[in-house]
file data30.cif (mmCIF, N, CA and C atoms)
data_work
loop_
_atom_site.label_atom_id
_atom_site.label_comp_id
_atom_site.auth_asym_id
_atom_site.auth_seq_id
_atom_site.Cartn_x
_atom_site.Cartn_y
_atom_site.Cartn_z
N MET A 701 5.62 20.03 48.28
CA MET A 701 4.34 19.65 48.85
C MET A 701 4.15 20.28 50.23
N VAL A 702 5.23 20.26 51.03
CA VAL A 702 5.15 20.83 52.37
C VAL A 702 4.92 22.34 52.28
N ARG A 703 5.57 22.95 51.32
CA ARG A 703 5.43 24.40 51.16
C ARG A 703 4.00 24.78 50.81
N LYS A 704 3.38 24.00 49.92
CA LYS A 704 1.99 24.27 49.54
C LYS A 704 1.05 24.06 50.72
N THR A 705 1.33 23.04 51.55
CA THR A 705 0.51 22.78 52.72
C THR A 705 0.62 23.93 53.72
N CYS A 706 1.83 24.41 53.93
CA CYS A 706 2.02 25.55 54.84
C CYS A 706 1.33 26.79 54.31
N TYR A 707 1.41 26.98 53.00
CA TYR A 707 0.75 28.13 52.38
C TYR A 707 -0.76 28.06 52.58
N LEU A 708 -1.34 26.88 52.37
CA LEU A 708 -2.78 26.72 52.56
C LEU A 708 -3.17 26.88 54.03
N LEU A 709 -2.34 26.40 54.93
CA LEU A 709 -2.62 26.53 56.36
C LEU A 709 -2.60 27.99 56.79
N VAL A 710 -1.63 28.75 56.30
CA VAL A 710 -1.57 30.18 56.63
C VAL A 710 -2.78 30.91 56.04
N MET A 711 -3.15 30.54 54.83
CA MET A 711 -4.34 31.16 54.23
C MET A 711 -5.58 30.83 55.04
N TYR A 712 -5.69 29.59 55.52
CA TYR A 712 -6.85 29.18 56.31
C TYR A 712 -6.91 29.94 57.64
N VAL A 713 -5.78 30.08 58.30
CA VAL A 713 -5.75 30.82 59.58
C VAL A 713 -6.16 32.27 59.35
N CYS A 714 -5.66 32.88 58.28
CA CYS A 714 -6.04 34.27 57.97
C CYS A 714 -7.53 34.37 57.64
N ALA A 715 -8.05 33.39 56.92
CA ALA A 715 -9.47 33.40 56.57
C ALA A 715 -10.34 33.23 57.80
N VAL A 716 -9.92 32.39 58.74
CA VAL A 716 -10.69 32.20 59.98
C VAL A 716 -10.67 33.49 60.80
N ILE A 717 -9.53 34.14 60.88
CA ILE A 717 -9.44 35.40 61.62
C ILE A 717 -10.35 36.45 60.97
N LEU A 718 -10.30 36.54 59.66
CA LEU A 718 -11.16 37.48 58.95
C LEU A 718 -12.63 37.16 59.17
N ALA A 719 -12.99 35.89 59.10
CA ALA A 719 -14.38 35.49 59.31
C ALA A 719 -14.81 35.74 60.75
N TYR A 720 -13.90 35.56 61.70
CA TYR A 720 -14.24 35.77 63.11
C TYR A 720 -14.52 37.24 63.41
N LEU A 721 -13.90 38.13 62.65
CA LEU A 721 -14.11 39.55 62.88
C LEU A 721 -15.46 40.04 62.37
N ILE A 722 -16.13 39.23 61.56
CA ILE A 722 -17.45 39.60 61.06
C ILE A 722 -18.47 39.32 62.16
N PRO A 723 -19.24 40.33 62.58
CA PRO A 723 -20.23 40.10 63.64
C PRO A 723 -21.29 39.10 63.19
N GLU A 724 -21.74 38.30 64.13
CA GLU A 724 -22.73 37.27 63.82
C GLU A 724 -23.87 37.38 64.83
N GLN A 725 -25.09 37.28 64.34
CA GLN A 725 -26.27 37.30 65.21
C GLN A 725 -26.66 35.85 65.49
N ILE A 726 -26.48 35.42 66.73
CA ILE A 726 -26.85 34.07 67.13
C ILE A 726 -28.09 34.20 68.00
N ASP A 727 -29.21 33.74 67.50
CA ASP A 727 -30.48 33.84 68.22
C ASP A 727 -30.82 32.48 68.81
N ARG A 728 -30.53 32.33 70.08
CA ARG A 728 -30.81 31.08 70.77
C ARG A 728 -31.69 31.35 71.97
N GLY A 729 -32.73 30.55 72.12
CA GLY A 729 -33.60 30.68 73.30
C GLY A 729 -32.87 30.34 74.58
N ASP A 730 -31.88 29.43 74.49
CA ASP A 730 -31.10 29.07 75.67
C ASP A 730 -30.26 30.23 76.18
N TYR A 731 -29.94 31.18 75.29
CA TYR A 731 -29.20 32.37 75.70
C TYR A 731 -30.15 33.47 76.16
N ALA A 732 -31.32 33.56 75.53
CA ALA A 732 -32.27 34.62 75.85
C ALA A 732 -32.81 34.48 77.27
N ARG A 733 -33.05 33.26 77.70
CA ARG A 733 -33.59 33.06 79.05
C ARG A 733 -32.67 33.58 80.15
N PRO A 734 -31.37 33.27 80.14
CA PRO A 734 -30.48 33.84 81.17
C PRO A 734 -30.34 35.37 81.07
N VAL A 735 -30.43 35.90 79.86
CA VAL A 735 -30.35 37.36 79.70
C VAL A 735 -31.54 38.01 80.39
N VAL A 736 -32.73 37.49 80.12
CA VAL A 736 -33.94 38.04 80.74
C VAL A 736 -33.88 37.85 82.25
N ALA A 737 -33.47 36.67 82.70
CA ALA A 737 -33.39 36.41 84.15
C ALA A 737 -32.39 37.35 84.81
N TYR A 738 -31.25 37.60 84.16
CA TYR A 738 -30.24 38.48 84.75
C TYR A 738 -30.70 39.93 84.77
N THR A 739 -31.38 40.37 83.71
CA THR A 739 -31.84 41.76 83.71
C THR A 739 -32.93 41.99 84.74
N GLN A 740 -33.74 40.98 85.00
CA GLN A 740 -34.81 41.13 86.00
C GLN A 740 -34.29 40.93 87.42
N ASN A 741 -33.29 40.06 87.59
CA ASN A 741 -32.77 39.75 88.91
C ASN A 741 -31.28 39.45 88.80
N PRO A 742 -30.43 40.50 88.91
CA PRO A 742 -28.98 40.30 88.73
C PRO A 742 -28.30 39.63 89.92
N THR A 743 -28.49 38.33 90.05
CA THR A 743 -27.85 37.57 91.12
C THR A 743 -26.62 36.86 90.56
N PRO A 744 -25.72 36.41 91.43
CA PRO A 744 -24.54 35.68 90.96
C PRO A 744 -24.90 34.40 90.18
N GLU A 745 -26.00 33.74 90.59
CA GLU A 745 -26.41 32.52 89.88
C GLU A 745 -26.83 32.85 88.45
N ASN A 746 -27.60 33.93 88.28
CA ASN A 746 -28.03 34.33 86.94
C ASN A 746 -26.84 34.81 86.10
N GLU A 747 -25.89 35.47 86.76
CA GLU A 747 -24.69 35.91 86.05
C GLU A 747 -23.86 34.71 85.59
N ALA A 748 -23.78 33.69 86.41
CA ALA A 748 -23.05 32.47 86.03
C ALA A 748 -23.73 31.77 84.86
N ALA A 749 -25.05 31.69 84.90
CA ALA A 749 -25.80 31.06 83.80
C ALA A 749 -25.61 31.87 82.52
N LEU A 750 -25.62 33.19 82.64
CA LEU A 750 -25.40 34.05 81.48
C LEU A 750 -24.00 33.86 80.91
N GLY A 751 -23.01 33.77 81.79
CA GLY A 751 -21.64 33.54 81.33
C GLY A 751 -21.47 32.20 80.62
N THR A 752 -22.14 31.18 81.13
CA THR A 752 -22.08 29.86 80.50
C THR A 752 -22.65 29.90 79.10
N GLU A 753 -23.81 30.52 78.95
CA GLU A 753 -24.44 30.60 77.63
C GLU A 753 -23.66 31.51 76.69
N ARG A 754 -22.99 32.52 77.23
CA ARG A 754 -22.16 33.40 76.40
C ARG A 754 -20.97 32.62 75.83
N ARG A 755 -20.39 31.74 76.65
CA ARG A 755 -19.28 30.91 76.17
C ARG A 755 -19.76 29.94 75.08
N VAL A 756 -20.98 29.42 75.23
CA VAL A 756 -21.53 28.55 74.19
C VAL A 756 -21.69 29.33 72.89
N ASN A 757 -22.19 30.57 72.99
CA ASN A 757 -22.32 31.42 71.80
C ASN A 757 -20.96 31.70 71.17
N ASP A 758 -19.95 31.92 71.99
CA ASP A 758 -18.60 32.16 71.47
C ASP A 758 -18.07 30.95 70.72
N ARG A 759 -18.32 29.75 71.26
CA ARG A 759 -17.88 28.53 70.57
C ARG A 759 -18.63 28.34 69.25
N ILE A 760 -19.93 28.67 69.24
CA ILE A 760 -20.70 28.58 67.99
C ILE A 760 -20.13 29.55 66.96
N HIS A 761 -19.81 30.76 67.39
CA HIS A 761 -19.25 31.76 66.48
C HIS A 761 -17.89 31.30 65.94
N LEU A 762 -17.06 30.71 66.80
CA LEU A 762 -15.76 30.22 66.36
C LEU A 762 -15.93 29.07 65.37
N ARG A 763 -16.87 28.15 65.63
CA ARG A 763 -17.11 27.04 64.72
C ARG A 763 -17.59 27.55 63.36
N ASP A 764 -18.54 28.49 63.38
CA ASP A 764 -19.04 29.05 62.13
C ASP A 764 -17.94 29.78 61.37
N SER A 765 -17.06 30.46 62.09
CA SER A 765 -15.95 31.16 61.45
C SER A 765 -14.97 30.18 60.82
N ALA A 766 -14.73 29.05 61.49
CA ALA A 766 -13.84 28.03 60.93
C ALA A 766 -14.42 27.45 59.65
N VAL A 767 -15.71 27.19 59.64
CA VAL A 767 -16.35 26.64 58.44
C VAL A 767 -16.33 27.67 57.31
N PHE A 768 -16.64 28.92 57.63
CA PHE A 768 -16.64 29.98 56.62
C PHE A 768 -15.23 30.20 56.08
N GLY A 769 -14.23 30.15 56.96
CA GLY A 769 -12.85 30.30 56.53
C GLY A 769 -12.44 29.18 55.59
N LEU A 770 -12.88 27.95 55.87
CA LEU A 770 -12.59 26.83 54.99
C LEU A 770 -13.24 27.03 53.62
N MET A 771 -14.46 27.53 53.63
CA MET A 771 -15.15 27.80 52.37
C MET A 771 -14.42 28.89 51.58
N LEU A 772 -13.96 29.93 52.26
CA LEU A 772 -13.23 31.00 51.58
C LEU A 772 -11.95 30.47 50.93
N VAL A 773 -11.20 29.66 51.67
CA VAL A 773 -9.95 29.12 51.13
C VAL A 773 -10.24 28.18 49.97
N ALA A 774 -11.26 27.34 50.11
CA ALA A 774 -11.58 26.39 49.03
C ALA A 774 -11.99 27.11 47.76
N VAL A 775 -12.85 28.11 47.89
CA VAL A 775 -13.29 28.87 46.71
C VAL A 775 -12.12 29.66 46.12
N GLY A 776 -11.35 30.31 46.97
CA GLY A 776 -10.19 31.07 46.48
C GLY A 776 -9.16 30.20 45.80
N TYR A 777 -8.87 29.04 46.39
CA TYR A 777 -7.90 28.13 45.78
C TYR A 777 -8.45 27.57 44.47
N GLY A 778 -9.75 27.29 44.43
CA GLY A 778 -10.36 26.81 43.20
C GLY A 778 -10.28 27.83 42.09
N ILE A 779 -10.55 29.08 42.42
CA ILE A 779 -10.47 30.15 41.41
C ILE A 779 -9.02 30.31 40.95
N TRP A 780 -8.08 30.30 41.90
CA TRP A 780 -6.66 30.47 41.55
C TRP A 780 -6.18 29.31 40.68
N SER A 781 -6.55 28.09 41.03
CA SER A 781 -6.14 26.94 40.23
C SER A 781 -6.81 26.93 38.87
N GLY A 782 -8.08 27.32 38.83
CA GLY A 782 -8.79 27.39 37.56
C GLY A 782 -8.18 28.42 36.63
N ARG A 783 -7.75 29.54 37.20
CA ARG A 783 -7.09 30.57 36.40
C ARG A 783 -5.81 30.05 35.80
N GLY A 784 -5.05 29.31 36.60
CA GLY A 784 -3.80 28.74 36.10
C GLY A 784 -4.04 27.70 35.01
N LEU A 785 -5.09 26.90 35.17
CA LEU A 785 -5.41 25.90 34.17
C LEU A 785 -5.82 26.55 32.86
N VAL A 786 -6.67 27.58 32.95
CA VAL A 786 -7.11 28.28 31.74
C VAL A 786 -5.92 28.94 31.06
N THR A 787 -5.02 29.53 31.82
CA THR A 787 -3.84 30.17 31.24
C THR A 787 -2.98 29.14 30.51
N ARG A 788 -2.78 27.99 31.12
CA ARG A 788 -1.98 26.95 30.47
C ARG A 788 -2.66 26.44 29.20
N LEU A 789 -3.97 26.29 29.21
CA LEU A 789 -4.67 25.80 28.04
C LEU A 789 -4.69 26.83 26.91
N MET A 790 -4.77 28.10 27.27
CA MET A 790 -4.83 29.15 26.25
C MET A 790 -3.47 29.43 25.62
N HIS A 791 -2.39 29.20 26.34
CA HIS A 791 -1.05 29.53 25.85
C HIS A 791 -0.21 28.28 25.62
N ARG A 792 -0.81 27.28 25.10
CA ARG A 792 -0.06 26.08 24.79
C ARG A 792 0.95 26.36 23.69
N THR A 793 2.10 25.82 23.87
CA THR A 793 3.12 25.93 22.80
C THR A 793 3.44 24.53 22.36
N GLY A 794 3.27 24.31 21.15
CA GLY A 794 3.55 22.98 20.61
C GLY A 794 3.29 23.00 19.12
N SER A 795 3.83 22.03 18.46
CA SER A 795 3.63 21.99 17.02
C SER A 795 2.33 21.26 16.71
N ASP A 796 1.62 21.76 15.74
CA ASP A 796 0.38 21.16 15.30
C ASP A 796 0.59 20.32 14.05
N ASP A 797 1.78 19.74 13.90
CA ASP A 797 2.13 18.95 12.71
C ASP A 797 1.31 17.72 12.63
#

call {"tool": "encode", "arguments": {"input": "data30.cif", "output": "structure tokens"}}
result
Amino acid sequence: MVRKTCYLLVMYVCAVILAYLIPEQIDRGDYARPVVAYTQNPTPENEAALGTERRVNDRIHLRDSAVFGLMLVAVGYGIWSGRGLVTRLMHRTGSDD
């Protein structure tokens, strides 16, 4: 049981890393305002606001990647388990007496 849990955890971490590498377009008005303010007036205050909103976008991307990674593992494990079930059902050995 522990081995299967470790296997699923490693698969999940790999799936999250893979999902995190996929670029994501996050369109938020809260991010657009500091970008426009910084491009028009590059002050330290505007740069700080931009950095804050960029960190929020990074957390959103990480959260979305974690959810997508969980979906990948769940679908992959379901397919793998379903394949094993079908194989066992198709190759039953037993007497039909």

call {"tool": "resolve_selection", "arguments": {"input": "data30.cif", "expression": "the PyMOL selection byres ((chain A and resi 715-732) around 7)", "output": "number ranges by chain"}}
result
A: 710-714, 733-737, 753-754, 761-762, 764-766, 768-770, 772-773

call {"tool": "atom_distance", "arguments": {"input": "data30.cif", "atom1": "atom N of Val775 of chain A", "atom2": "atom C of Arg763 of chain A"}}
result
16.2 Å

call {"tool": "select_by_dssp", "arguments": {"input": "data30.cif", "residues": "segment 716-780 of chain A", "states": "alpha helix (DSSP H)", "output": "JSON, numbers by chain"}}
result
{"A": [716, 717, 718, 719, 720, 729, 730, 731, 732, 733, 734, 735, 736, 737, 738, 739, 740, 744, 745, 746, 747, 748, 749, 750, 751, 752, 753, 754, 755, 756, 757, 758, 759, 760, 761, 762, 763, 764, 765, 766, 767, 768, 769, 770, 771, 772, 773, 774, 775, 776, 777, 778, 779, 780]}

call {"tool": "write_last_selection", "arguments": {"input": "data30.cif", "atoms": "N, CA and C atoms", "output": "short mmCIF file (atom, residue, chain, number, x, y, z; two decimals), in the frame of the given file"}}
result
data_model
loop_
_atom_site.label_atom_id
_atom_site.label_comp_id
_atom_site.auth_asym_id
_atom_site.auth_seq_id
_atom_site.Cartn_x
_atom_site.Cartn_y
_atom_site.Cartn_z
N VAL A 716 -9.92 32.39 58.74
CA VAL A 716 -10.69 32.20 59.98
C VAL A 716 -10.67 33.49 60.80
N ILE A 717 -9.53 34.14 60.88
CA ILE A 717 -9.44 35.40 61.62
C ILE A 717 -10.35 36.45 60.97
N LEU A 718 -10.30 36.54 59.66
CA LEU A 718 -11.16 37.48 58.95
C LEU A 718 -12.63 37.16 59.17
N ALA A 719 -12.99 35.89 59.10
CA ALA A 719 -14.38 35.49 59.31
C ALA A 719 -14.81 35.74 60.75
N TYR A 720 -13.90 35.56 61.70
CA TYR A 720 -14.24 35.77 63.11
C TYR A 720 -14.52 37.24 63.41
N GLY A 729 -32.73 30.55 72.12
CA GLY A 729 -33.60 30.68 73.30
C GLY A 729 -32.87 30.34 74.58
N ASP A 730 -31.88 29.43 74.49
CA ASP A 730 -31.10 29.07 75.67
C ASP A 730 -30.26 30.23 76.18
N TYR A 731 -29.94 31.18 75.29
CA TYR A 731 -29.20 32.37 75.70
C TYR A 731 -30.15 33.47 76.16
N ALA A 732 -31.32 33.56 75.53
CA ALA A 732 -32.27 34.62 75.85
C ALA A 732 -32.81 34.48 77.27
N ARG A 733 -33.05 33.26 77.70
CA ARG A 733 -33.59 33.06 79.05
C ARG A 733 -32.67 33.58 80.15
N PRO A 734 -31.37 33.27 80.14
CA PRO A 734 -30.48 33.84 81.17
C PRO A 734 -30.34 35.37 81.07
N VAL A 735 -30.43 35.90 79.86
CA VAL A 735 -30.35 37.36 79.70
C VAL A 735 -31.54 38.01 80.39
N VAL A 736 -32.73 37.49 80.12
CA VAL A 736 -33.94 38.04 80.74
C VAL A 736 -33.88 37.85 82.25
N ALA A 737 -33.47 36.67 82.70
CA ALA A 737 -33.39 36.41 84.15
C ALA A 737 -32.39 37.35 84.81
N TYR A 738 -31.25 37.60 84.16
CA TYR A 738 -30.24 38.48 84.75
C TYR A 738 -30.70 39.93 84.77
N THR A 739 -31.38 40.37 83.71
CA THR A 739 -31.84 41.76 83.71
C THR A 739 -32.93 41.99 84.74
N GLN A 740 -33.74 40.98 85.00
CA GLN A 740 -34.81 41.13 86.00
C GLN A 740 -34.29 40.93 87.42
N PRO A 744 -25.72 36.41 91.43
CA PRO A 744 -24.54 35.68 90.96
C PRO A 744 -24.90 34.40 90.18
N GLU A 745 -26.00 33.74 90.59
CA GLU A 745 -26.41 32.52 89.88
C GLU A 745 -26.83 32.85 88.45
N ASN A 746 -27.60 33.93 88.28
CA ASN A 746 -28.03 34.33 86.94
C ASN A 746 -26.84 34.81 86.10
N GLU A 747 -25.89 35.47 86.76
CA GLU A 747 -24.69 35.91 86.05
C GLU A 747 -23.86 34.71 85.59
N ALA A 748 -23.78 33.69 86.41
CA ALA A 748 -23.05 32.47 86.03
C ALA A 748 -23.73 31.77 84.86
N ALA A 749 -25.05 31.69 84.90
CA ALA A 749 -25.80 31.06 83.80
C ALA A 749 -25.61 31.87 82.52
N LEU A 750 -25.62 33.19 82.64
CA LEU A 750 -25.40 34.05 81.48
C LEU A 750 -24.00 33.86 80.91
N GLY A 751 -23.01 33.77 81.79
CA GLY A 751 -21.64 33.54 81.33
C GLY A 751 -21.47 32.20 80.62
N THR A 752 -22.14 31.18 81.13
CA THR A 752 -22.08 29.86 80.50
C THR A 752 -22.65 29.90 79.10
N GLU A 753 -23.81 30.52 78.95
CA GLU A 753 -24.44 30.60 77.63
C GLU A 753 -23.66 31.51 76.69
N ARG A 754 -22.99 32.52 77.23
CA ARG A 754 -22.16 33.40 76.40
C ARG A 754 -20.97 32.62 75.83
N ARG A 755 -20.39 31.74 76.65
CA ARG A 755 -19.28 30.91 76.17
C ARG A 755 -19.76 29.94 75.08
N VAL A 756 -20.98 29.42 75.23
CA VAL A 756 -21.53 28.55 74.19
C VAL A 756 -21.69 29.33 72.89
N ASN A 757 -22.19 30.57 72.99
CA ASN A 757 -22.32 31.42 71.80
C ASN A 757 -20.96 31.70 71.17
N ASP A 758 -19.95 31.92 71.99
CA ASP A 758 -18.60 32.16 71.47
C ASP A 758 -18.07 30.95 70.72
N ARG A 759 -18.32 29.75 71.26
CA ARG A 759 -17.88 28.53 70.57
C ARG A 759 -18.63 28.34 69.25
N ILE A 760 -19.93 28.67 69.24
CA ILE A 760 -20.70 28.58 67.99
C ILE A 760 -20.13 29.55 66.96
N HIS A 761 -19.81 30.76 67.39
CA HIS A 761 -19.25 31.76 66.48
C HIS A 761 -17.89 31.30 65.94
N LEU A 762 -17.06 30.71 66.80
CA LEU A 762 -15.76 30.22 66.36
C LEU A 762 -15.93 29.07 65.37
N ARG A 763 -16.87 28.15 65.63
CA ARG A 763 -17.11 27.04 64.72
C ARG A 763 -17.59 27.55 63.36
N ASP A 764 -18.54 28.49 63.38
CA ASP A 764 -19.04 29.05 62.13
C ASP A 764 -17.94 29.78 61.37
N SER A 765 -17.06 30.46 62.09
CA SER A 765 -15.95 31.16 61.45
C SER A 765 -14.97 30.18 60.82
N ALA A 766 -14.73 29.05 61.49
CA ALA A 766 -13.84 28.03 60.93
C ALA A 766 -14.42 27.45 59.65
N VAL A 767 -15.71 27.19 59.64
CA VAL A 767 -16.35 26.64 58.44
C VAL A 767 -16.33 27.67 57.31
N PHE A 768 -16.64 28.92 57.63
CA PHE A 768 -16.64 29.98 56.62
C PHE A 768 -15.23 30.20 56.08
N GLY A 769 -14.23 30.15 56.96
CA GLY A 769 -12.85 30.30 56.53
C GLY A 769 -12.44 29.18 55.59
N LEU A 770 -12.88 27.95 55.87
CA LEU A 770 -12.59 26.83 54.99
C LEU A 770 -13.24 27.03 53.62
N MET A 771 -14.46 27.53 53.63
CA MET A 771 -15.15 27.80 52.37
C MET A 771 -14.42 28.89 51.58
N LEU A 772 -13.96 29.93 52.26
CA LEU A 772 -13.23 31.00 51.58
C LEU A 772 -11.95 30.47 50.93
N VAL A 773 -11.20 29.66 51.67
CA VAL A 773 -9.95 29.12 51.13
C VAL A 773 -10.24 28.18 49.97
N ALA A 774 -11.26 27.34 50.11
CA ALA A 774 -11.58 26.39 49.03
C ALA A 774 -11.99 27.11 47.76
N VAL A 775 -12.85 28.11 47.89
CA VAL A 775 -13.29 28.87 46.71
C VAL A 775 -12.12 29.66 46.12
N GLY A 776 -11.35 30.31 46.97
CA GLY A 776 -10.19 31.07 46.48
C GLY A 776 -9.16 30.20 45.80
N TYR A 777 -8.87 29.04 46.39
CA TYR A 777 -7.90 28.13 45.78
C TYR A 777 -8.45 27.57 44.47
N GLY A 778 -9.75 27.29 44.43
CA GLY A 778 -10.36 26.81 43.20
C GLY A 778 -10.28 27.83 42.09
N ILE A 779 -10.55 29.08 42.42
CA ILE A 779 -10.47 30.15 41.41
C ILE A 779 -9.02 30.31 40.95
N TRP A 780 -8.08 30.30 41.90
CA TRP A 780 -6.66 30.47 41.55
C TRP A 780 -6.18 29.31 40.68
#

call {"tool": "atom_distance", "arguments": {"input": "data30.cif", "atom1": "atom N of Met790 of chain A", "atom2": "atom N of Gly776 of chain A"}}
result
20.9 Å

call {"tool": "axis_aligned_box", "arguments": {"input": "data30.cif", "around": "segment 728-735 of chain A", "padding_each_side": "3 Å", "output": "AutoDock Vina command-line options"}}
result
--center_x -31.4 --center_y 33.5 --center_z 75.6 --size_x 10.4 --size_y 14.9 --size_z 17.1

call {"tool": "atom_distance", "arguments": {"input": "data30.cif", "atom1": "atom C of Asn757 of chain A", "atom2": "atom C of Ala774 of chain A"}}
result
25.5 Å
